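Below is query_26.txt, which holds compact mmCIF, C-alpha atoms.
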```txt
# COMPACT_ATOMS: atom_id res chain seq x y z
CA MET A 1 53.08 85.10 15.00
CA THR A 2 51.48 82.88 17.63
CA GLN A 3 53.21 79.53 17.85
CA THR A 4 51.12 76.36 17.54
CA VAL A 5 52.12 73.46 19.79
CA ALA A 6 50.79 69.93 19.43
CA PHE A 7 50.92 68.13 22.77
CA ILE A 8 50.47 64.35 22.75
CA GLY A 9 50.10 62.57 26.09
CA LEU A 10 48.26 64.37 28.89
CA GLY A 11 48.87 62.15 31.90
CA ASN A 12 50.13 63.18 35.34
CA MET A 13 53.12 64.98 33.82
CA GLY A 14 51.86 65.94 30.37
CA GLY A 15 48.71 67.65 31.60
CA GLY A 16 50.60 70.24 33.63
CA MET A 17 53.20 70.69 30.92
CA ALA A 18 50.58 71.37 28.24
CA ALA A 19 48.82 73.84 30.54
CA ASN A 20 52.03 75.82 30.99
CA GLN A 21 52.50 75.98 27.22
CA ALA A 22 48.99 77.43 26.94
CA LYS A 23 49.62 80.00 29.68
CA THR A 24 52.18 81.74 27.46
CA GLY A 25 49.57 82.41 24.78
CA ARG A 26 50.70 79.62 22.48
CA VAL A 27 47.95 77.69 20.70
CA VAL A 28 48.12 74.21 22.22
CA LYS A 29 46.32 71.40 20.39
CA ALA A 30 46.14 68.57 22.91
CA PHE A 31 45.45 64.88 22.39
CA ASP A 32 45.28 61.87 24.67
CA LEU A 33 43.46 58.54 24.52
CA SER A 34 41.72 59.59 27.75
CA LYS A 35 38.81 61.95 27.16
CA GLU A 36 39.02 63.06 30.79
CA ALA A 37 42.65 64.10 30.30
CA VAL A 38 41.73 66.09 27.18
CA ASP A 39 38.87 67.75 29.04
CA ARG A 40 41.26 68.83 31.81
CA ALA A 41 43.64 70.25 29.21
CA VAL A 42 40.83 72.23 27.61
CA THR A 43 39.90 73.65 31.02
CA ALA A 44 43.56 74.70 31.34
CA GLY A 45 43.45 76.63 28.06
CA CYS A 46 44.32 74.04 25.42
CA GLN A 47 42.29 73.10 22.36
CA ALA A 48 41.06 69.52 21.98
CA ALA A 49 42.38 67.55 19.01
CA SER A 50 40.47 64.56 17.69
CA SER A 51 43.60 62.54 16.88
CA VAL A 52 47.38 62.76 16.77
CA ALA A 53 47.19 63.68 13.09
CA ASP A 54 44.69 66.44 13.85
CA ALA A 55 46.92 67.81 16.60
CA VAL A 56 50.12 67.91 14.54
CA LYS A 57 48.86 68.95 11.11
CA ASP A 58 49.61 72.67 11.53
CA ALA A 59 52.09 72.48 14.41
CA ASP A 60 55.27 74.51 14.78
CA VAL A 61 56.30 72.30 17.71
CA VAL A 62 55.24 68.76 18.56
CA ILE A 63 55.75 67.59 22.15
CA THR A 64 55.13 64.01 23.24
CA MET A 65 54.93 62.62 26.78
CA LEU A 66 54.26 58.89 26.46
CA PRO A 67 54.61 55.84 28.74
CA ALA A 68 57.42 53.81 27.13
CA GLY A 69 59.62 53.21 24.10
CA PRO A 70 57.15 51.12 22.04
CA HIS A 71 54.53 53.87 22.35
CA VAL A 72 57.01 56.54 21.25
CA LEU A 73 58.20 54.53 18.25
CA LYS A 74 54.66 53.73 17.14
CA VAL A 75 53.31 57.27 17.52
CA TYR A 76 56.24 58.89 15.71
CA SER A 77 56.60 56.32 12.92
CA GLU A 78 52.88 55.90 12.22
CA GLN A 79 51.20 59.16 13.27
CA ILE A 80 53.58 62.12 13.50
CA ILE A 81 56.28 61.72 10.86
CA GLY A 82 54.63 62.58 7.57
CA ALA A 83 51.59 64.17 9.22
CA ALA A 84 53.34 67.13 10.87
CA PRO A 85 54.87 69.85 8.66
CA THR A 86 58.54 69.08 8.01
CA GLY A 87 59.41 72.44 9.53
CA ALA A 88 57.93 71.37 12.88
CA LEU A 89 60.27 70.79 15.80
CA LEU A 90 59.71 67.31 17.29
CA LEU A 91 60.41 66.97 21.03
CA ASP A 92 59.95 63.73 22.92
CA CYS A 93 59.84 64.29 26.69
CA SER A 94 59.10 60.64 27.54
CA THR A 95 61.62 58.52 29.43
CA ILE A 96 62.56 55.60 27.19
CA ASP A 97 65.55 53.44 26.32
CA VAL A 98 68.44 55.03 24.44
CA GLU A 99 68.26 52.59 21.51
CA THR A 100 64.60 53.36 20.71
CA CYS A 101 65.26 57.08 21.11
CA ARG A 102 68.06 56.95 18.54
CA LYS A 103 65.87 54.92 16.18
CA VAL A 104 63.12 57.56 16.32
CA ALA A 105 65.73 60.31 15.82
CA GLY A 106 66.98 58.50 12.71
CA LEU A 107 63.47 58.17 11.27
CA ALA A 108 62.81 61.85 11.91
CA ARG A 109 66.10 62.92 10.33
CA GLU A 110 65.47 60.80 7.23
CA ALA A 111 62.09 62.52 6.80
CA GLY A 112 63.61 66.00 7.13
CA TYR A 113 62.58 66.85 10.71
CA VAL A 114 64.53 68.30 13.62
CA PHE A 115 64.09 65.93 16.59
CA ALA A 116 65.31 65.95 20.18
CA ASP A 117 64.95 63.67 23.17
CA ALA A 118 64.12 65.90 26.14
CA PRO A 119 63.18 63.83 29.21
CA VAL A 120 62.37 65.68 32.40
CA SER A 121 63.12 65.67 36.11
CA GLY A 122 61.04 67.20 38.88
CA GLY A 123 57.81 65.20 39.15
CA THR A 124 54.21 66.32 38.94
CA MET A 125 54.65 69.34 41.21
CA ALA A 126 57.30 70.76 38.90
CA ALA A 127 55.24 69.85 35.82
CA ASP A 128 52.33 71.86 37.22
CA ALA A 129 54.56 74.75 38.30
CA GLY A 130 56.56 74.95 35.06
CA THR A 131 59.83 74.26 36.89
CA LEU A 132 61.01 71.01 35.32
CA ALA A 133 64.61 70.28 34.45
CA PHE A 134 65.05 69.09 30.85
CA MET A 135 67.94 66.90 29.67
CA VAL A 136 68.22 67.27 25.91
CA GLY A 137 69.85 65.10 23.29
CA CYS A 138 70.07 66.96 19.98
CA ASP A 139 72.28 68.40 17.26
CA GLU A 140 74.10 71.31 18.88
CA PRO A 141 73.00 74.02 16.37
CA GLU A 142 69.35 73.27 17.18
CA PHE A 143 69.63 73.63 20.95
CA ALA A 144 68.66 77.32 21.19
CA ARG A 145 65.43 76.65 19.28
CA ILE A 146 64.68 73.64 21.48
CA GLU A 147 65.39 75.56 24.68
CA ALA A 148 62.97 78.30 23.61
CA ALA A 149 60.24 75.76 22.87
CA LEU A 150 60.66 74.15 26.31
CA GLU A 151 60.95 77.43 28.24
CA PRO A 152 57.31 77.65 29.49
CA MET A 153 57.75 74.31 31.26
CA SER A 154 61.34 74.66 32.40
CA ARG A 155 63.41 75.77 35.38
CA ALA A 156 66.60 74.59 33.66
CA THR A 157 67.33 73.06 30.27
CA PHE A 158 70.62 71.28 29.57
CA ARG A 159 72.07 69.91 26.35
CA ALA A 160 73.42 66.54 27.48
CA GLY A 161 74.89 65.69 24.07
CA ASP A 162 73.75 64.16 20.80
CA HIS A 163 70.56 62.12 20.29
CA GLY A 164 70.08 59.64 23.15
CA ALA A 165 72.21 61.62 25.60
CA GLY A 166 69.14 63.16 27.19
CA GLN A 167 67.75 59.69 27.90
CA ALA A 168 71.12 58.55 29.27
CA ALA A 169 71.21 61.54 31.63
CA LYS A 170 67.64 60.92 32.76
CA ILE A 171 68.05 57.24 33.65
CA CYS A 172 71.33 57.94 35.46
CA ASN A 173 69.72 60.82 37.35
CA ASN A 174 66.75 58.68 38.38
CA MET A 175 69.00 55.82 39.46
CA ILE A 176 70.64 58.31 41.84
CA LEU A 177 67.19 59.47 42.98
CA GLY A 178 65.97 55.93 43.64
CA ILE A 179 69.12 55.06 45.60
CA THR A 180 69.08 58.23 47.70
CA MET A 181 65.36 57.90 48.46
CA LEU A 182 65.89 54.33 49.59
CA GLY A 183 68.79 55.42 51.80
CA THR A 184 66.70 58.25 53.24
CA CYS A 185 63.84 55.88 54.03
CA GLU A 186 66.17 53.32 55.62
CA ALA A 187 67.67 56.04 57.82
CA ILE A 188 64.25 57.32 58.91
CA ALA A 189 63.13 53.80 59.79
CA LEU A 190 66.31 53.27 61.80
CA ALA A 191 65.98 56.65 63.52
CA GLU A 192 62.45 55.79 64.59
CA LYS A 193 63.61 52.45 66.03
CA LEU A 194 66.35 54.27 67.95
CA GLY A 195 63.84 56.68 69.48
CA LEU A 196 64.75 59.72 67.35
CA ASP A 197 61.81 61.81 66.12
CA PRO A 198 61.89 61.70 62.27
CA VAL A 199 60.94 65.41 62.21
CA LYS A 200 63.91 66.23 64.41
CA MET A 201 66.02 64.05 62.13
CA PHE A 202 64.93 66.21 59.19
CA ASP A 203 65.98 69.36 61.05
CA ILE A 204 69.44 67.87 61.52
CA VAL A 205 70.04 66.00 58.26
CA SER A 206 68.74 68.80 56.04
CA LYS A 207 71.64 70.92 57.31
CA ALA A 208 74.22 68.15 57.66
CA SER A 209 76.22 65.93 55.31
CA GLY A 210 73.25 63.58 54.75
CA GLN A 211 71.37 66.34 52.93
CA SER A 212 69.90 65.45 49.51
CA TRP A 213 66.93 66.31 47.29
CA SER A 214 65.10 63.34 48.81
CA VAL A 215 65.48 64.98 52.22
CA THR A 216 64.97 68.69 51.61
CA THR A 217 62.42 68.63 48.78
CA TYR A 218 60.67 65.26 49.11
CA TYR A 219 61.03 64.12 52.71
CA PRO A 220 59.10 60.84 53.02
CA TRP A 221 57.83 61.55 56.56
CA PRO A 222 54.82 63.90 56.82
CA GLY A 223 55.31 67.41 58.16
CA PRO A 224 58.71 68.91 57.38
CA VAL A 225 58.13 69.44 53.64
CA PRO A 226 54.47 70.48 53.19
CA THR A 227 54.43 69.85 49.41
CA ALA A 228 55.84 66.30 49.65
CA PRO A 229 53.47 63.38 48.87
CA SER A 230 54.10 62.02 52.38
CA ASN A 231 51.56 64.62 53.55
CA ARG A 232 48.89 63.14 51.23
CA ASN A 233 49.32 59.50 52.25
CA TYR A 234 51.76 59.21 49.31
CA ASP A 235 49.11 60.01 46.72
CA GLY A 236 50.25 61.69 43.50
CA GLY A 237 53.86 62.65 42.96
CA PHE A 238 56.11 60.14 41.14
CA ALA A 239 54.49 56.71 41.10
CA THR A 240 56.45 53.68 42.27
CA ALA A 241 55.69 51.97 38.94
CA MET A 242 57.32 54.86 37.06
CA MET A 243 60.41 54.81 39.28
CA LEU A 244 60.63 51.06 38.72
CA LYS A 245 60.44 51.61 34.96
CA ASP A 246 63.35 54.05 35.10
CA LEU A 247 65.42 51.76 37.32
CA LYS A 248 64.84 48.90 34.87
CA LEU A 249 65.97 51.14 32.01
CA ALA A 250 69.12 51.96 33.96
CA GLN A 251 69.87 48.29 34.60
CA GLN A 252 69.27 47.40 30.95
CA ALA A 253 71.62 50.17 29.90
CA ALA A 254 74.22 49.05 32.47
CA ALA A 255 74.08 45.48 31.18
CA ALA A 256 74.48 46.64 27.58
CA ALA A 257 77.40 48.91 28.48
CA GLY A 258 79.12 46.44 30.80
CA ALA A 259 78.82 48.83 33.76
CA SER A 260 78.71 47.70 37.40
CA THR A 261 75.72 49.17 39.29
CA PRO A 262 75.20 47.06 42.43
CA LEU A 263 73.26 49.73 44.35
CA GLY A 264 71.08 50.40 41.32
CA ALA A 265 70.35 46.68 41.03
CA GLN A 266 69.43 46.36 44.71
CA THR A 267 67.23 49.44 44.52
CA GLU A 268 65.43 48.04 41.49
CA ALA A 269 64.84 44.75 43.33
CA LEU A 270 63.30 46.50 46.35
CA TYR A 271 61.03 48.68 44.20
CA GLN A 272 60.06 45.58 42.21
CA MET A 273 58.97 43.95 45.47
CA PHE A 274 57.05 47.06 46.54
CA ASP A 275 55.28 47.21 43.18
CA ARG A 276 54.36 43.51 43.27
CA LEU A 277 52.84 43.99 46.70
CA GLY A 278 50.31 46.28 45.03
CA PHE A 279 51.73 49.74 45.67
CA GLY A 280 52.77 50.71 42.15
CA GLY A 281 50.34 53.63 42.16
CA ARG A 282 51.70 55.17 45.37
CA ASP A 283 54.49 57.73 45.31
CA PHE A 284 57.91 56.09 45.34
CA SER A 285 58.73 57.63 48.74
CA ALA A 286 56.03 55.38 50.24
CA ILE A 287 58.61 52.58 50.30
CA LEU A 288 59.35 53.99 53.76
CA GLN A 289 56.28 52.11 54.99
CA LEU A 290 57.71 48.83 53.70
CA LEU A 291 60.94 49.45 55.60
CA ARG A 292 58.99 50.44 58.74
CA GLY A 293 56.84 47.30 58.54
CA LYS A 294 53.73 49.48 58.26
CA LEU A 295 52.25 48.44 54.91
CA ASP A 296 48.91 47.86 56.60
CA GLU A 297 48.66 51.66 57.00
CA LEU A 298 49.19 52.31 53.29
CA PRO A 299 46.27 52.17 50.81
CA ARG A 300 46.92 50.22 47.63
```
Reformat the file's structure so that it appears as C-alpha cells.
Amino acid sequence: MTQTVAFIGLGNMGGGMAANQAKTGRVVKAFDLSKEAVDRAVTAGCQAASSVADAVKDADVVITMLPAGPHVLKVYSEQIIGAAPTGALLLDCSTIDVETCRKVAGLAREAGYVFADAPVSGGTMAADAGTLAFMVGCDEPEFARIEAALEPMSRATFRAGDHGAGQAAKICNNMILGITMLGTCEAIALAEKLGLDPVKMFDIVSKASGQSWSVTTYYPWPGPVPTAPSNRNYDGGFATAMMLKDLKLAQQAAAAAGASTPLGAQTEALYQMFDRLGFGGRDFSAILQLLRGKLDELPR
C-alpha cells in the first residue's frame, strides 16, 4: 500500500526533503505557516494540508523540520500527539537541545507512539538532492523502520544511540564544521595577504593535510567548487543564523556536561559578531569577508 507521510515545516531544508519523499510515490501531506512554502511543496508533488492536524490524521509517518526546541515541543504536545494515529512513526529532523528532545520522546512514548530524533547534515543542496546524512536517536529495534522512512532523503543514516543521541551527534558535528570553516576562512585570508592565489591554495590544500569538507565541498572562495554558496555571493546554503544556533546549542550542552570547548566558544563568539553585524541570512562561509575586511562587498 502507498505510504502516507505528513511533513511539517517546509523551509529551506524541509521543502527539498518533502519533495524527495513525494518523488518516491509516497502521498505527502505538507503543512507550513507560510503559504508560499506550501505552494512550492505542491508544485513538487505534495498535497497541501490546512493544518498540522489535517496533515497527520491519516499518516503512517510524521516528519517535522522546525526552527527550535520550543516549536518542536509545542507542535508535538499540542498538535501531533493525539491527532496522529498511534501506529504512526514520529520523526523529528529539527536541530534542538537534547533535553527538549528527550521530553518530546517521553511524551510520545507515554501516548503509545514510536518517536526518533533524526537531525540532518548536508545543507540545502543535500536536502534538494536527497543526499542528507541522518543522525538518529531511537530504540534500537525501531531503527530499520526509521531508516526505511528516511531513505528517500538520505545518503547515509546512522543510529547514534538512544533518544537524544541524534541531537548530541548533530551539535558536535556542527561544532566541528563551524571550527573548520573558520580555520579555512582564516587561512584563505592569510594566503591572500601573502600573495598566494586562493584558487591555487584550493588546488594544494584539497590534496594536502589541510583537506576538509569545508575545503573540498564548500570552499568559501568562488570558483573551485561550483556548487558552493561562495559562487552566489553567499546566498542560500546554511545561514549564519542557523550555524550560530547550533554553536549555541553545543556550548549549552558543554556547560551542562562540564566539557571544555575553547575553540567552540571562540567560534560561537565570532559567528555571534557576524550575525549582529547584519549577516545572519548569508551562508556561514561568508564569514571569510569579515576576516578579509571586505564586509562592504557583502549584501546584508
* **Within 7 Å of segment 30-47 of chain A using all atoms listed in the file, minus same-chain residues under 6 positions, as a VMD selection string** => chain A and resid 6 to 11 15 19 22 55
* In terms of the shortest atom-to-atom distance over all atoms listed in the file, which of A:Gly280, A:Gly122, A:Gly16, A:Pro262 is closest to Ala239 of chain A? ->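 Ranking A:Gly280, A:Gly122, A:Gly16, A:Pro262 by distance to Ala239 of chain A, first place goes to A:Gly280.
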* **Residue among A:Ala255, A:Leu132, A:Cys138, A:Leu244 lying closest to Ala116 of chain A, counting all atoms listed in the file** =>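 Result for the nearest residue to Ala116 of chain A: A:Cys138.
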* **Non-local contacts of segment 287-295 of chain A (9 Å; all atoms listed in the file; under 5 positions in same chain excluded) as a ChimeraX atom specification** => /A:181-182,184-186,188-190,192-193,220-221,240,270-271,274,279,282
* To do: Would you mind telling me which residue in A:Ala259, A:Ala59, A:Ala168, A:Ala84 lies nearest to Thr100 of chain A when using only C-alpha atoms?
  =>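 So, comparing all the options, the nearest one is A:Ala168.
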* Pick out the closest residue to Lys74 of chain A from this set: A:Met201, A:Pro119, A:Leu107, A:Ala127. Count only C-alpha atoms. =>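 Among the listed residues, the smallest separation from Lys74 of chain A belongs to A:Leu107.
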* To do: Would you mind reading off the distance between atom CA of Asp58 of chain A and atom CA of Lys23 of chain A, one decimal, in Å?
  =>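 Straight-line distance from atom CA of Asp58 of chain A to atom CA of Lys23 of chain A works out to 19.6 Å.
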* To do: Would you mind listing what lies within 12 Å of Gly82 of chain A as a ChimeraX atom specification, with only C-alpha atoms counted and same-chain residues fewer than 6 positions away left out?
  => /A:52-53,56-58,75-76,88,90,107-113
Next, the residues of the selection above should be written as a compact mmCIF listing (two decimals), in the coordinates of the input with C-alpha atoms.
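Contents of the output file selection-v7.txt:
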```txt
# COMPACT_ATOMS: atom_id res chain seq x y z
CA VAL A 52 47.38 62.76 16.77
CA ALA A 53 47.19 63.68 13.09
CA VAL A 56 50.12 67.91 14.54
CA LYS A 57 48.86 68.95 11.11
CA ASP A 58 49.61 72.67 11.53
CA VAL A 75 53.31 57.27 17.52
CA TYR A 76 56.24 58.89 15.71
CA ALA A 88 57.93 71.37 12.88
CA LEU A 90 59.71 67.31 17.29
CA LEU A 107 63.47 58.17 11.27
CA ALA A 108 62.81 61.85 11.91
CA ARG A 109 66.10 62.92 10.33
CA GLU A 110 65.47 60.80 7.23
CA ALA A 111 62.09 62.52 6.80
CA GLY A 112 63.61 66.00 7.13
CA TYR A 113 62.58 66.85 10.71
```
* To do: Determine the nearest neighbour of Phe158 of chain A from the options A:Val104, A:Leu194, A:Val120, A:Ile179, counting all atoms listed in the file.
  =>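 For Phe158 of chain A, the nearest of the candidates is A:Val120.
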* A:Ser209, A:Val5, A:Ser214, A:Phe238 ranked by distance to Gly25 of chain A, top pick (using all atoms listed in the file) -> A:Val5
For segment 58-70 of chain A, what centre and edge lengths in Å (one decimal) does the axis-aligned box get once 3 Å is added on each side of all its listed atoms, as JSON?
```
{"center_x": 54.6, "center_y": 62.8, "center_z": 20.1, "size_x": 16.0, "size_y": 29.4, "size_z": 23.2}
```
* What is the distance between atom CA of Asp162 of chain A and atom CA of Asp54 of chain A, in Å to one decimal? ->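 Atom-to-atom, atom CA of Asp162 of chain A to atom CA of Asp54 of chain A, that is 30.0 Å.
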Dump as a PDB file with C-alpha atoms, in the coordinates of the input all residues having an atom at most 12 Å from (51.5, 69.3, 40.6), computed in the file's coordinates with only C-alpha atoms.
```pdb
ATOM      1  CA  GLY A  11      48.870  62.150  31.900  1.00  0.00           C
ATOM      2  CA  ASN A  12      50.130  63.180  35.340  1.00  0.00           C
ATOM      3  CA  MET A  13      53.120  64.980  33.820  1.00  0.00           C
ATOM      4  CA  GLY A  14      51.860  65.940  30.370  1.00  0.00           C
ATOM      5  CA  GLY A  15      48.710  67.650  31.600  1.00  0.00           C
ATOM      6  CA  GLY A  16      50.600  70.240  33.630  1.00  0.00           C
ATOM      7  CA  MET A  17      53.200  70.690  30.920  1.00  0.00           C
ATOM      8  CA  ALA A  19      48.820  73.840  30.540  1.00  0.00           C
ATOM      9  CA  ASN A  20      52.030  75.820  30.990  1.00  0.00           C
ATOM     10  CA  GLY A 122      61.040  67.200  38.880  1.00  0.00           C
ATOM     11  CA  GLY A 123      57.810  65.200  39.150  1.00  0.00           C
ATOM     12  CA  THR A 124      54.210  66.320  38.940  1.00  0.00           C
ATOM     13  CA  MET A 125      54.650  69.340  41.210  1.00  0.00           C
ATOM     14  CA  ALA A 126      57.300  70.760  38.900  1.00  0.00           C
ATOM     15  CA  ALA A 127      55.240  69.850  35.820  1.00  0.00           C
ATOM     16  CA  ASP A 128      52.330  71.860  37.220  1.00  0.00           C
ATOM     17  CA  ALA A 129      54.560  74.750  38.300  1.00  0.00           C
ATOM     18  CA  GLY A 130      56.560  74.950  35.060  1.00  0.00           C
ATOM     19  CA  THR A 131      59.830  74.260  36.890  1.00  0.00           C
ATOM     20  CA  LEU A 132      61.010  71.010  35.320  1.00  0.00           C
ATOM     21  CA  THR A 227      54.430  69.850  49.410  1.00  0.00           C
ATOM     22  CA  ALA A 228      55.840  66.300  49.650  1.00  0.00           C
ATOM     23  CA  PRO A 229      53.470  63.380  48.870  1.00  0.00           C
ATOM     24  CA  ASP A 235      49.110  60.010  46.720  1.00  0.00           C
ATOM     25  CA  GLY A 236      50.250  61.690  43.500  1.00  0.00           C
ATOM     26  CA  GLY A 237      53.860  62.650  42.960  1.00  0.00           C
ATOM     27  CA  PHE A 238      56.110  60.140  41.140  1.00  0.00           C
TER      28      PHE A 238
END
```
* To do: Would you kindly return, as a count of residues only, each protein, DNA or RNA residue with an atom no farther than 10 Å from any atom of Gln211 of chain A, considering only C-alpha atoms and excluding same-chain residues fewer than 5 positions away?
  => 7
* To do: Please provide as a list in words all residues within 8 Å of Ala160 of chain A, with the sequence filter that same-chain residues fewer than 2 positions apart are discarded (counting only C-alpha atoms).
  =>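 Selected residues are Met135, Val136, Gly137, Phe158, Asp162, Ala165, Gly166 and Ala169 of chain A.
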* Asked: Please, what distance in Å, to one decimal, runs between atom CA of Phe284 of chain A and atom CA of Gln21 of chain A?
  -> 27.4 Å
Missing atoms in segment 86-107 of chain A should be modelled up to N, CA, C and O atoms and reported as a PDB file, keeping the file's coordinate frame.
```pdb
ATOM      1  N   THR A  86      57.119  69.435   7.834  1.00  0.00           N
ATOM      2  CA  THR A  86      58.540  69.080   8.010  1.00  0.00           C
ATOM      3  C   THR A  86      59.317  70.181   8.724  1.00  0.00           C
ATOM      4  O   THR A  86      60.398  69.923   9.249  1.00  0.00           O
ATOM      5  N   GLY A  87      58.764  71.372   8.785  1.00  0.00           N
ATOM      6  CA  GLY A  87      59.410  72.440   9.530  1.00  0.00           C
ATOM      7  C   GLY A  87      59.134  72.391  11.018  1.00  0.00           C
ATOM      8  O   GLY A  87      59.712  73.173  11.794  1.00  0.00           O
ATOM      9  N   ALA A  88      58.268  71.467  11.464  1.00  0.00           N
ATOM     10  CA  ALA A  88      57.930  71.370  12.880  1.00  0.00           C
ATOM     11  C   ALA A  88      59.096  70.794  13.670  1.00  0.00           C
ATOM     12  O   ALA A  88      59.816  69.903  13.216  1.00  0.00           O
ATOM     13  N   LEU A  89      59.274  71.298  14.873  1.00  0.00           N
ATOM     14  CA  LEU A  89      60.270  70.790  15.800  1.00  0.00           C
ATOM     15  C   LEU A  89      59.630  69.670  16.607  1.00  0.00           C
ATOM     16  O   LEU A  89      58.582  69.857  17.222  1.00  0.00           O
ATOM     17  N   LEU A  90      60.254  68.487  16.606  1.00  0.00           N
ATOM     18  CA  LEU A  90      59.710  67.310  17.290  1.00  0.00           C
ATOM     19  C   LEU A  90      60.482  67.081  18.588  1.00  0.00           C
ATOM     20  O   LEU A  90      61.697  66.857  18.560  1.00  0.00           O
ATOM     21  N   LEU A  91      59.774  67.114  19.719  1.00  0.00           N
ATOM     22  CA  LEU A  91      60.410  66.970  21.030  1.00  0.00           C
ATOM     23  C   LEU A  91      59.742  65.850  21.805  1.00  0.00           C
ATOM     24  O   LEU A  91      58.548  65.938  22.120  1.00  0.00           O
ATOM     25  N   ASP A  92      60.496  64.813  22.114  1.00  0.00           N
ATOM     26  CA  ASP A  92      59.950  63.730  22.920  1.00  0.00           C
ATOM     27  C   ASP A  92      60.444  63.863  24.353  1.00  0.00           C
ATOM     28  O   ASP A  92      61.641  63.762  24.623  1.00  0.00           O
ATOM     29  N   CYS A  93      59.514  64.098  25.272  1.00  0.00           N
ATOM     30  CA  CYS A  93      59.840  64.290  26.690  1.00  0.00           C
ATOM     31  C   CYS A  93      59.617  63.023  27.510  1.00  0.00           C
ATOM     32  O   CYS A  93      59.755  63.044  28.736  1.00  0.00           O
ATOM     33  N   SER A  94      59.276  61.915  26.852  1.00  0.00           N
ATOM     34  CA  SER A  94      59.100  60.640  27.540  1.00  0.00           C
ATOM     35  C   SER A  94      60.455  60.145  28.058  1.00  0.00           C
ATOM     36  O   SER A  94      61.509  60.587  27.605  1.00  0.00           O
ATOM     37  N   THR A  95      60.405  59.212  29.002  1.00  0.00           N
ATOM     38  CA  THR A  95      61.620  58.520  29.430  1.00  0.00           C
ATOM     39  C   THR A  95      61.594  57.126  28.830  1.00  0.00           C
ATOM     40  O   THR A  95      60.731  56.302  29.183  1.00  0.00           O
ATOM     41  N   ILE A  96      62.529  56.870  27.910  1.00  0.00           N
ATOM     42  CA  ILE A  96      62.560  55.600  27.190  1.00  0.00           C
ATOM     43  C   ILE A  96      64.012  55.124  27.081  1.00  0.00           C
ATOM     44  O   ILE A  96      64.940  55.812  27.501  1.00  0.00           O
ATOM     45  N   ASP A  97      64.199  53.962  26.475  1.00  0.00           N
ATOM     46  CA  ASP A  97      65.550  53.440  26.320  1.00  0.00           C
ATOM     47  C   ASP A  97      66.285  54.199  25.216  1.00  0.00           C
ATOM     48  O   ASP A  97      65.682  54.726  24.275  1.00  0.00           O
ATOM     49  N   VAL A  98      67.597  54.248  25.350  1.00  0.00           N
ATOM     50  CA  VAL A  98      68.440  55.030  24.440  1.00  0.00           C
ATOM     51  C   VAL A  98      68.333  54.497  23.007  1.00  0.00           C
ATOM     52  O   VAL A  98      68.266  55.283  22.048  1.00  0.00           O
ATOM     53  N   GLU A  99      68.302  53.180  22.845  1.00  0.00           N
ATOM     54  CA  GLU A  99      68.260  52.590  21.510  1.00  0.00           C
ATOM     55  C   GLU A  99      67.016  53.024  20.740  1.00  0.00           C
ATOM     56  O   GLU A  99      67.095  53.427  19.566  1.00  0.00           O
ATOM     57  N   THR A 100      65.845  52.944  21.379  1.00  0.00           N
ATOM     58  CA  THR A 100      64.600  53.360  20.710  1.00  0.00           C
ATOM     59  C   THR A 100      64.637  54.846  20.397  1.00  0.00           C
ATOM     60  O   THR A 100      64.206  55.282  19.324  1.00  0.00           O
ATOM     61  N   CYS A 101      65.150  55.634  21.329  1.00  0.00           N
ATOM     62  CA  CYS A 101      65.260  57.080  21.110  1.00  0.00           C
ATOM     63  C   CYS A 101      66.072  57.366  19.841  1.00  0.00           C
ATOM     64  O   CYS A 101      65.668  58.179  19.000  1.00  0.00           O
ATOM     65  N   ARG A 102      67.206  56.715  19.702  1.00  0.00           N
ATOM     66  CA  ARG A 102      68.060  56.950  18.540  1.00  0.00           C
ATOM     67  C   ARG A 102      67.412  56.451  17.255  1.00  0.00           C
ATOM     68  O   ARG A 102      67.607  57.032  16.179  1.00  0.00           O
ATOM     69  N   LYS A 103      66.596  55.399  17.359  1.00  0.00           N
ATOM     70  CA  LYS A 103      65.870  54.920  16.180  1.00  0.00           C
ATOM     71  C   LYS A 103      64.857  55.954  15.721  1.00  0.00           C
ATOM     72  O   LYS A 103      64.754  56.247  14.517  1.00  0.00           O
ATOM     73  N   VAL A 104      64.103  56.524  16.668  1.00  0.00           N
ATOM     74  CA  VAL A 104      63.120  57.560  16.320  1.00  0.00           C
ATOM     75  C   VAL A 104      63.833  58.783  15.744  1.00  0.00           C
ATOM     76  O   VAL A 104      63.372  59.381  14.752  1.00  0.00           O
ATOM     77  N   ALA A 105      64.963  59.168  16.329  1.00  0.00           N
ATOM     78  CA  ALA A 105      65.730  60.310  15.820  1.00  0.00           C
ATOM     79  C   ALA A 105      66.163  60.073  14.383  1.00  0.00           C
ATOM     80  O   ALA A 105      66.112  60.978  13.547  1.00  0.00           O
ATOM     81  N   GLY A 106      66.570  58.830  14.075  1.00  0.00           N
ATOM     82  CA  GLY A 106      66.980  58.500  12.710  1.00  0.00           C
ATOM     83  C   GLY A 106      65.815  58.589  11.729  1.00  0.00           C
ATOM     84  O   GLY A 106      65.970  59.116  10.614  1.00  0.00           O
ATOM     85  N   LEU A 107      64.657  58.095  12.130  1.00  0.00           N
ATOM     86  CA  LEU A 107      63.470  58.170  11.270  1.00  0.00           C
ATOM     87  C   LEU A 107      63.090  59.621  11.006  1.00  0.00           C
ATOM     88  O   LEU A 107      62.734  59.993   9.875  1.00  0.00           O
TER      89      LEU A 107
END
```
